[in-house]
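Next comes start28.cif, a file with mmCIF, C-alpha atoms.
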```cif
data_start
#
loop_
_atom_site.label_atom_id
_atom_site.label_comp_id
_atom_site.auth_asym_id
_atom_site.auth_seq_id
_atom_site.Cartn_x
_atom_site.Cartn_y
_atom_site.Cartn_z
CA MET H 127 -7.96 1.76 8.83
CA GLU H 128 -6.36 2.60 5.50
CA ARG H 129 -4.15 5.67 5.67
CA ARG H 130 -5.33 8.62 3.63
CA PRO H 131 -2.57 10.50 1.83
CA GLN H 132 -1.78 13.93 3.20
CA LEU H 133 -2.76 16.94 1.13
CA SER H 134 0.88 17.75 0.38
CA GLU H 135 1.33 14.22 -1.03
CA VAL H 136 -1.71 14.64 -3.28
CA VAL H 137 -0.48 18.04 -4.47
CA THR H 138 3.02 16.66 -5.08
CA GLN H 139 1.55 14.05 -7.42
CA LYS H 140 -0.54 16.72 -9.15
CA ILE H 141 2.50 18.89 -9.80
CA LEU H 142 4.42 15.86 -11.02
CA TYR H 143 1.58 15.06 -13.42
CA GLU H 144 1.43 18.66 -14.64
CA MET H 145 5.17 18.57 -15.40
CA GLN H 146 4.93 15.24 -17.22
CA SER H 147 1.64 15.51 -19.09
CA GLY H 148 -0.27 18.63 -18.07
CA SER H 149 0.03 22.39 -18.09
CA TYR H 150 3.81 22.45 -17.50
CA LYS H 151 4.82 19.67 -19.89
CA GLU H 152 6.42 22.08 -22.37
CA GLU H 153 7.99 24.32 -19.74
CA SER H 154 11.61 24.35 -18.60
CA ARG H 155 10.71 26.01 -15.30
CA LEU H 156 7.80 26.03 -12.90
CA PRO H 157 5.97 29.30 -12.27
CA PRO H 158 6.30 31.05 -8.88
CA GLU H 159 4.80 29.33 -5.84
CA VAL H 160 1.93 31.83 -5.61
CA GLU H 161 0.84 31.00 -9.18
CA ILE H 162 0.99 27.24 -8.61
CA ALA H 163 -0.98 27.66 -5.38
CA ALA H 164 -3.69 29.65 -7.19
CA TYR H 165 -3.79 27.12 -10.06
CA LEU H 166 -4.20 24.13 -7.72
CA GLY H 167 -6.36 25.93 -5.17
CA VAL H 168 -4.17 25.29 -2.12
CA SER H 169 -1.99 27.36 0.19
CA ARG H 170 1.58 28.41 -0.55
CA THR H 171 2.66 26.37 2.48
CA ILE H 172 1.36 23.19 0.84
CA ILE H 173 3.05 24.12 -2.43
CA ARG H 174 6.31 24.79 -0.60
CA ASP H 175 6.16 21.36 1.06
CA SER H 176 5.40 19.67 -2.25
CA LEU H 177 8.22 21.43 -4.08
CA ALA H 178 10.63 20.48 -1.31
CA SER H 179 9.64 16.83 -1.80
CA LEU H 180 10.04 17.05 -5.58
CA GLU H 181 13.46 18.66 -5.13
CA ARG H 182 14.61 15.89 -2.78
CA GLU H 183 13.57 13.34 -5.41
CA GLY H 184 15.45 15.21 -8.13
CA PHE H 185 12.50 16.16 -10.32
CA ILE H 186 13.21 19.86 -9.88
CA SER H 187 16.13 22.07 -8.86
CA ARG H 188 15.63 25.38 -7.06
CA ARG H 189 18.00 28.29 -6.61
CA HIS H 190 17.38 31.83 -5.45
CA GLY H 191 17.50 34.24 -8.35
CA VAL H 192 17.14 31.45 -10.92
CA GLY H 193 13.78 29.88 -10.07
CA THR H 194 12.58 26.30 -10.19
CA ILE H 195 14.12 24.24 -12.99
CA ILE H 196 12.21 21.18 -14.25
CA ASN H 197 14.66 18.30 -14.66
CA ARG H 198 13.29 16.63 -17.77
CA HIS H 199 16.15 14.11 -17.80
CA VAL H 200 14.94 12.85 -14.41
CA LEU H 201 11.24 12.92 -15.29
CA SER H 202 11.93 10.64 -18.27
CA VAL H 203 13.41 7.84 -16.14
CA VAL H 204 10.94 4.94 -15.87
CA THR H 205 12.43 2.88 -13.03
CA ARG H 206 14.44 4.36 -10.18
CA MET H 207 15.98 2.25 -7.43
CA ASP H 208 16.23 5.22 -5.09
CA LEU H 209 12.45 5.77 -5.01
CA GLU H 210 10.16 3.28 -3.31
CA GLN H 211 7.82 1.95 -5.97
CA GLU H 212 5.57 -1.09 -5.84
CA PHE H 213 6.46 -3.90 -8.26
CA LEU H 214 3.23 -3.94 -10.29
CA GLN H 215 3.29 -0.17 -10.69
CA MET H 216 6.96 -0.32 -11.67
CA ILE H 217 6.28 -2.86 -14.41
CA GLU H 218 3.17 -1.14 -15.71
CA GLY H 219 5.19 2.07 -15.91
CA THR H 220 7.27 0.39 -18.61
CA GLY H 221 4.14 -0.28 -20.68
CA ARG H 222 3.95 -3.99 -19.87
CA LYS H 223 1.23 -6.01 -18.19
CA ALA H 224 2.05 -6.88 -14.57
CA SER H 225 0.82 -9.98 -12.76
CA VAL H 226 1.58 -12.29 -9.82
CA PRO H 227 1.47 -15.84 -11.24
CA PHE H 228 2.77 -17.50 -8.06
CA LEU H 229 2.22 -16.90 -4.35
CA LYS H 230 3.44 -18.89 -1.36
CA VAL H 231 2.70 -18.06 2.27
CA GLY H 232 4.62 -19.61 5.14
CA TYR H 233 4.66 -19.33 8.92
CA GLY H 234 7.53 -20.06 11.26
CA VAL H 235 9.98 -18.44 13.66
CA ALA H 236 12.39 -15.66 12.85
CA GLY H 237 15.77 -17.25 13.57
CA GLU H 238 18.90 -15.33 14.43
CA GLU H 239 19.58 -13.56 11.12
CA LEU H 240 16.06 -12.26 10.47
CA ALA H 241 15.58 -11.42 14.15
CA GLY H 242 18.66 -9.22 13.97
CA LYS H 243 17.27 -7.33 10.98
CA LEU H 244 13.79 -6.83 12.46
CA LYS H 245 14.99 -6.36 16.05
CA ILE H 246 12.74 -9.14 17.35
CA CYS H 247 13.26 -12.31 19.38
CA PRO H 248 14.69 -15.24 17.34
CA THR H 249 11.72 -17.36 18.48
CA ALA H 250 9.15 -14.74 17.43
CA GLU H 251 6.52 -15.98 14.98
CA ILE H 252 6.73 -14.56 11.48
CA ILE H 253 4.82 -14.67 8.24
CA GLN H 254 6.72 -14.96 4.95
CA ILE H 255 5.12 -14.13 1.63
CA THR H 256 6.89 -15.12 -1.58
CA ARG H 257 5.65 -13.69 -4.86
CA ILE H 258 6.73 -14.19 -8.43
CA VAL H 259 6.08 -10.97 -10.35
CA ALA H 260 5.75 -11.13 -14.13
CA ALA H 261 5.90 -8.61 -16.96
CA ASP H 262 3.86 -9.72 -19.98
CA ASP H 263 3.85 -13.24 -18.46
CA GLU H 264 7.67 -13.29 -18.15
CA ALA H 265 8.86 -13.80 -14.57
CA VAL H 266 11.16 -10.88 -13.77
CA ILE H 267 11.10 -10.52 -9.94
CA ILE H 268 11.11 -12.96 -7.04
CA CYS H 269 10.37 -11.35 -3.69
CA THR H 270 10.08 -12.82 -0.20
CA ASP H 271 8.66 -10.45 2.40
CA SER H 272 8.93 -11.26 6.12
CA ILE H 273 7.06 -9.54 8.95
CA ALA H 274 6.52 -10.36 12.61
CA LYS H 275 3.17 -12.05 13.09
CA ASP H 276 2.34 -9.93 16.13
CA LEU H 277 2.24 -6.87 13.86
CA ILE H 278 -1.01 -8.13 12.35
CA ASP H 279 -4.03 -6.47 13.97
CA LYS H 280 -6.69 -8.09 11.81
CA GLU H 281 -6.44 -11.69 10.62
CA ASP H 282 -9.40 -11.72 8.22
CA TYR H 283 -7.13 -11.33 5.20
CA THR H 284 -7.36 -13.60 2.17
CA GLU H 285 -4.91 -14.93 -0.39
CA GLU H 286 -6.01 -12.12 -2.69
CA ASP H 287 -4.94 -9.59 -0.06
CA LEU H 288 -1.50 -11.21 0.05
CA ARG H 289 -1.16 -10.89 -3.72
CA LYS H 290 -1.43 -7.15 -3.39
CA PRO H 291 1.55 -4.91 -2.54
CA ILE H 292 2.99 -5.66 0.89
CA PHE H 293 2.66 -1.95 1.73
CA ASP H 294 -1.11 -2.23 1.30
CA PHE H 295 -1.17 -5.28 3.60
CA LEU H 296 0.87 -3.51 6.27
CA ASP H 297 -1.37 -0.48 6.08
CA LYS H 298 -4.69 -2.33 6.14
CA TYR H 299 -3.98 -5.27 8.44
CA CYS H 300 -1.11 -4.00 10.59
CA ASN H 301 -1.90 -0.27 10.79
CA THR H 302 1.75 0.26 9.89
CA GLN H 303 3.43 2.24 7.11
CA VAL H 304 6.95 1.90 5.78
CA TYR H 305 8.57 5.33 5.77
CA MET H 306 12.01 4.41 4.41
CA ASP H 307 14.12 1.45 3.36
CA LEU H 308 17.77 0.57 3.71
CA THR H 309 18.81 -1.74 0.90
CA GLU H 310 21.94 -3.73 0.15
CA VAL H 311 22.34 -4.26 -3.59
CA ARG H 312 24.66 -6.77 -5.22
CA ALA H 313 24.90 -9.23 -8.11
CA VAL H 314 24.59 -12.91 -7.20
CA GLY H 315 24.41 -16.19 -9.08
CA ALA H 316 20.87 -17.50 -9.59
CA ASP H 317 20.00 -20.54 -7.48
CA ASP H 318 18.01 -23.40 -9.01
CA GLU H 319 14.63 -21.90 -8.10
CA ALA H 320 15.40 -18.46 -9.51
CA ALA H 321 16.97 -20.00 -12.61
CA GLY H 322 13.83 -22.05 -13.18
CA TRP H 323 11.48 -19.11 -12.90
CA PHE H 324 13.65 -16.75 -14.92
CA GLY H 325 14.47 -19.30 -17.61
CA ILE H 326 18.22 -18.88 -17.18
CA ALA H 327 21.13 -21.16 -16.29
CA PRO H 328 21.88 -21.77 -12.59
CA GLY H 329 24.65 -19.41 -11.54
CA ALA H 330 23.74 -16.78 -14.14
CA PRO H 331 23.89 -13.26 -12.69
CA VAL H 332 20.79 -11.72 -11.12
CA LEU H 333 20.38 -8.50 -9.18
CA PHE H 334 19.80 -9.13 -5.47
CA MET H 335 18.38 -6.64 -2.96
CA ASP H 336 18.31 -7.24 0.77
CA GLU H 337 15.98 -4.61 2.19
CA VAL H 338 14.71 -3.54 5.61
CA GLY H 339 11.70 -1.23 5.83
CA TYR H 340 11.38 1.20 8.74
CA THR H 341 8.49 3.21 10.15
CA PHE H 342 8.69 6.97 10.61
CA ARG H 343 9.98 6.40 14.15
CA GLY H 344 12.72 4.07 12.94
CA LYS H 345 11.19 0.71 13.87
CA PRO H 346 12.09 -2.11 11.42
CA VAL H 347 8.87 -3.83 10.34
CA LEU H 348 9.60 -5.45 6.99
CA HIS H 349 12.40 -7.53 5.54
CA SER H 350 12.49 -8.24 1.81
CA ARG H 351 14.71 -10.45 -0.31
CA GLU H 352 14.34 -9.53 -3.97
CA PHE H 353 15.84 -11.10 -7.08
CA TYR H 354 15.59 -9.34 -10.45
CA LYS H 355 16.15 -11.02 -13.80
CA ASP H 356 19.14 -9.45 -15.51
CA GLN H 357 18.19 -6.78 -18.07
CA ALA H 358 14.46 -7.40 -17.63
CA LEU H 359 14.07 -3.97 -16.01
CA GLN H 360 16.32 -0.94 -16.34
CA HIS H 361 17.28 0.34 -12.90
CA MET H 362 18.47 3.90 -12.46
CA VAL H 363 19.74 5.65 -9.33
CA LEU H 364 19.70 9.40 -8.76
CA ARG H 365 22.73 10.63 -6.83
CA LYS H 366 22.96 14.21 -5.60
CA LYS H 367 25.74 16.11 -3.90
CA ILE H 368 24.96 17.01 -0.31
#
```
What do you get writing this file as structure tokens?
Amino acid sequence: MERRPQLSEVVTQKILYEMQSGSYKEESRLPPEVEIAAYLGVSRTIIRDSLASLEREGFISRRHGVGTIINRHVLSVVTRMDLEQEFLQMIEGTGRKASVPFLKVGYGVAGEELAGKLKICPTAEIIQITRIVAADDEAVIICTDSIAKDLIDKEDYTEEDLRKPIFDFLDKYCNTQVYMDLTEVRAVGADDEAAGWFGIAPGAPVLFMDEVGYTFRGKPVLHSREFYKDQALQHMVLRKKI
């Protein structure tokens, strides 16, 4: 069954919209919690949870005696590496048309390296889904997602389902949600396949991300290898003192 977003998640997106394009778009600060709660028709507890989420993500800053500052410099960032965002949504956020011109699905066994990342047996069966993601018909991302086959509860999925975001597949067919990712980021030289898709010379630099997705309880359920064409997307990272 597809997971319904919690009320606090819905309200968080509403407040984000109001800061970007709605009632608060010209404001430097948010009104008090009680006013936001009345405006959105929810409890102060829900508003408090939503504001805490927005503060963690850097969209607002709160301090006693000062109020809630809207960080316009953060709101204006289109692509952030520190926030989990699906590829098609990421590309469309830049004003370009997103598509998946190529899809390959493979089945096999995990092997030692992948088994270590997903904490499964090296002989466990896996499914690997490779997608080429394009922006205005220009290939900009190559992603290979790997999951253990025994995660799949329902096997009536189609190729069209596999073209959709892997998070949707995990939710619908595995009853599993990725809560957080740990990602290694580095520059690598493009191999022949990546060079061909990106239209660059073999060995030219591309951004590589090696990512493991975990459930809320800390179980690794997804491994992703992602290659990004250099300068095709602007990646920003928000860093905060803790």
*Can you tell me, as a list in words, what residues are no more than 10 Å from H:Val204 when counting all atoms listed in the file, ignoring any on the same chain fewer than 3 positions away?*
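In the requested form, the answer reads Val200, Leu201, Met216, Ile217, Glu218, Gly219, Thr220, Gly221, Leu359, Gln360, His361 and Met362 of chain H.
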Written file, previous selection with C-alpha atoms, as a short mmCIF file (atom, residue, chain, number, x, y, z; two decimals), in the frame of the given file:
```
data_model
loop_
_atom_site.label_atom_id
_atom_site.label_comp_id
_atom_site.auth_asym_id
_atom_site.auth_seq_id
_atom_site.Cartn_x
_atom_site.Cartn_y
_atom_site.Cartn_z
CA VAL H 200 14.94 12.85 -14.41
CA LEU H 201 11.24 12.92 -15.29
CA MET H 216 6.96 -0.32 -11.67
CA ILE H 217 6.28 -2.86 -14.41
CA GLU H 218 3.17 -1.14 -15.71
CA GLY H 219 5.19 2.07 -15.91
CA THR H 220 7.27 0.39 -18.61
CA GLY H 221 4.14 -0.28 -20.68
CA LEU H 359 14.07 -3.97 -16.01
CA GLN H 360 16.32 -0.94 -16.34
CA HIS H 361 17.28 0.34 -12.90
CA MET H 362 18.47 3.90 -12.46
#
```
*Convert the output of the PyMOL selection byres ((chain H and resi 349) around 10) on the shown file into explicit residues, formatted as a VMD selection string.*
chain H and resid 240 to 241 243 to 244 254 270 to 274 307 to 309 336 to 340 346 to 348 350 to 352
_For the provided coordinates, the residues matched by the PyMOL selection byres ((chain H and resi 353) around 7) should be stated as a list in words._
Ile267, Ile268, Cys269, Val332, Leu333, Phe334, Met335, Arg351, Glu352, Tyr354 and Lys355 of chain H
*H:Gln132, H:Gly234, H:Leu364, H:Glu161: which is nearest H:His199, counting only C-alpha atoms?*
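For H:His199, the nearest of the given residues is H:Leu364.
In this comparison, which uses all atoms listed in the file, the residue of H:Ile196, H:Ala178, H:Gly167, H:Asp287 approaching H:Lys151 most closely is H:Ile196.
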_Atom pair atom CA of H:Ile172 / atom CA of H:Leu209: separation (Å)_ = 21.5 Å
*If you apply the PyMOL selection byres ((chain H and resi 281) around 12) to this file, what residues do you get, as a PyMOL selection string?*
chain H and resi 253+275-280+282-285+287-288+295-296+298-300
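One distance worth recording is that between atom CA of H:Ile292 and atom CA of H:Ser225, which is 14.5 Å.
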Would you save stretch 321-357 of chain H to a file, keeping N, CA and C atoms, as a tab-separated table (two decimals), in the first residue's frame?
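In the end it all went to part31.tsv:
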```
chain	number	residue	atom	x	y	z
H	321	ALA	N	30.84	8.14	-21.17
H	321	ALA	CA	31.30	9.10	-22.18
H	321	ALA	C	30.38	9.10	-23.38
H	322	GLY	N	29.93	7.91	-23.80
H	322	GLY	CA	29.04	7.81	-24.95
H	322	GLY	C	27.71	8.49	-24.70
H	323	TRP	N	27.12	8.24	-23.55
H	323	TRP	CA	25.84	8.84	-23.23
H	323	TRP	C	25.95	10.35	-23.04
H	324	PHE	N	27.00	10.79	-22.38
H	324	PHE	CA	27.15	12.21	-22.08
H	324	PHE	C	27.74	13.02	-23.24
H	325	GLY	N	28.25	12.33	-24.25
H	325	GLY	CA	28.84	13.04	-25.38
H	325	GLY	C	30.14	13.73	-25.01
H	326	ILE	N	30.95	13.06	-24.19
H	326	ILE	CA	32.22	13.61	-23.75
H	326	ILE	C	33.33	12.61	-24.03
H	327	ALA	N	34.57	13.02	-23.86
H	327	ALA	CA	35.70	12.12	-24.10
H	327	ALA	C	35.85	11.15	-22.93
H	328	PRO	N	36.22	9.88	-23.20
H	328	PRO	CA	36.51	8.95	-22.12
H	328	PRO	C	37.59	9.54	-21.20
H	329	GLY	N	37.38	9.42	-19.90
H	329	GLY	CA	38.32	9.98	-18.94
H	329	GLY	C	37.99	11.39	-18.51
H	330	ALA	N	37.06	12.04	-19.21
H	330	ALA	CA	36.65	13.40	-18.80
H	330	ALA	C	35.98	13.33	-17.43
H	331	PRO	N	36.11	14.36	-16.62
H	331	PRO	CA	35.58	14.29	-15.25
H	331	PRO	C	34.06	14.26	-15.20
H	332	VAL	N	33.53	13.40	-14.35
H	332	VAL	CA	32.11	13.37	-14.03
H	332	VAL	C	31.98	13.27	-12.52
H	333	LEU	N	30.86	13.70	-12.00
H	333	LEU	CA	30.59	13.59	-10.57
H	333	LEU	C	30.01	12.21	-10.29
H	334	PHE	N	30.60	11.51	-9.32
H	334	PHE	CA	30.16	10.17	-8.97
H	334	PHE	C	29.65	10.16	-7.54
H	335	MET	N	28.49	9.51	-7.33
H	335	MET	CA	27.93	9.35	-5.99
H	335	MET	C	27.68	7.87	-5.75
H	336	ASP	N	28.21	7.37	-4.65
H	336	ASP	CA	27.97	6.01	-4.22
H	336	ASP	C	27.11	6.10	-2.96
H	337	GLU	N	25.86	5.63	-3.06
H	337	GLU	CA	24.86	5.96	-2.05
H	337	GLU	C	24.18	4.71	-1.50
H	338	VAL	N	23.98	4.68	-0.19
H	338	VAL	CA	23.22	3.62	0.46
H	338	VAL	C	22.03	4.26	1.16
H	339	GLY	N	20.82	3.73	0.86
H	339	GLY	CA	19.61	4.24	1.47
H	339	GLY	C	19.16	3.35	2.62
H	340	TYR	N	18.79	3.96	3.73
H	340	TYR	CA	18.42	3.25	4.95
H	340	TYR	C	16.97	3.53	5.33
H	341	THR	N	16.32	2.55	5.94
H	341	THR	CA	14.99	2.76	6.49
H	341	THR	C	15.10	3.54	7.80
H	342	PHE	N	13.95	3.87	8.36
H	342	PHE	CA	13.92	4.60	9.64
H	342	PHE	C	14.65	3.83	10.72
H	343	ARG	N	14.59	2.50	10.69
H	343	ARG	CA	15.23	1.67	11.70
H	343	ARG	C	16.68	1.34	11.37
H	344	GLY	N	17.20	1.94	10.30
H	344	GLY	CA	18.62	1.79	10.00
H	344	GLY	C	18.97	0.59	9.15
H	345	LYS	N	17.99	-0.02	8.50
H	345	LYS	CA	18.27	-1.16	7.63
H	345	LYS	C	18.63	-0.66	6.23
H	346	PRO	N	19.78	-1.07	5.65
H	346	PRO	CA	20.12	-0.66	4.29
H	346	PRO	C	19.28	-1.44	3.28
H	347	VAL	N	18.59	-0.72	2.41
H	347	VAL	CA	17.69	-1.37	1.46
H	347	VAL	C	17.95	-0.99	0.01
H	348	LEU	N	18.78	0.01	-0.21
H	348	LEU	CA	19.00	0.50	-1.57
H	348	LEU	C	20.44	0.93	-1.75
H	349	HIS	N	21.05	0.47	-2.84
H	349	HIS	CA	22.37	0.97	-3.21
H	349	HIS	C	22.28	1.61	-4.58
H	350	SER	N	22.83	2.81	-4.70
H	350	SER	CA	22.78	3.55	-5.96
H	350	SER	C	24.17	4.01	-6.37
H	351	ARG	N	24.46	3.83	-7.66
H	351	ARG	CA	25.67	4.38	-8.27
H	351	ARG	C	25.21	5.40	-9.29
H	352	GLU	N	25.61	6.66	-9.07
H	352	GLU	CA	25.11	7.76	-9.89
H	352	GLU	C	26.27	8.53	-10.51
H	353	PHE	N	26.15	8.80	-11.80
H	353	PHE	CA	27.13	9.60	-12.52
H	353	PHE	C	26.42	10.83	-13.09
H	354	TYR	N	26.99	12.01	-12.85
H	354	TYR	CA	26.40	13.26	-13.31
H	354	TYR	C	27.34	13.93	-14.32
H	355	LYS	N	26.77	14.34	-15.43
H	355	LYS	CA	27.57	15.06	-16.42
H	355	LYS	C	28.04	16.38	-15.84
H	356	ASP	N	29.32	16.68	-16.02
H	356	ASP	CA	29.91	17.88	-15.44
H	356	ASP	C	29.20	19.13	-15.94
H	357	GLN	N	28.80	19.99	-15.01
H	357	GLN	CA	28.20	21.28	-15.25
H	357	GLN	C	26.80	21.21	-15.85
```
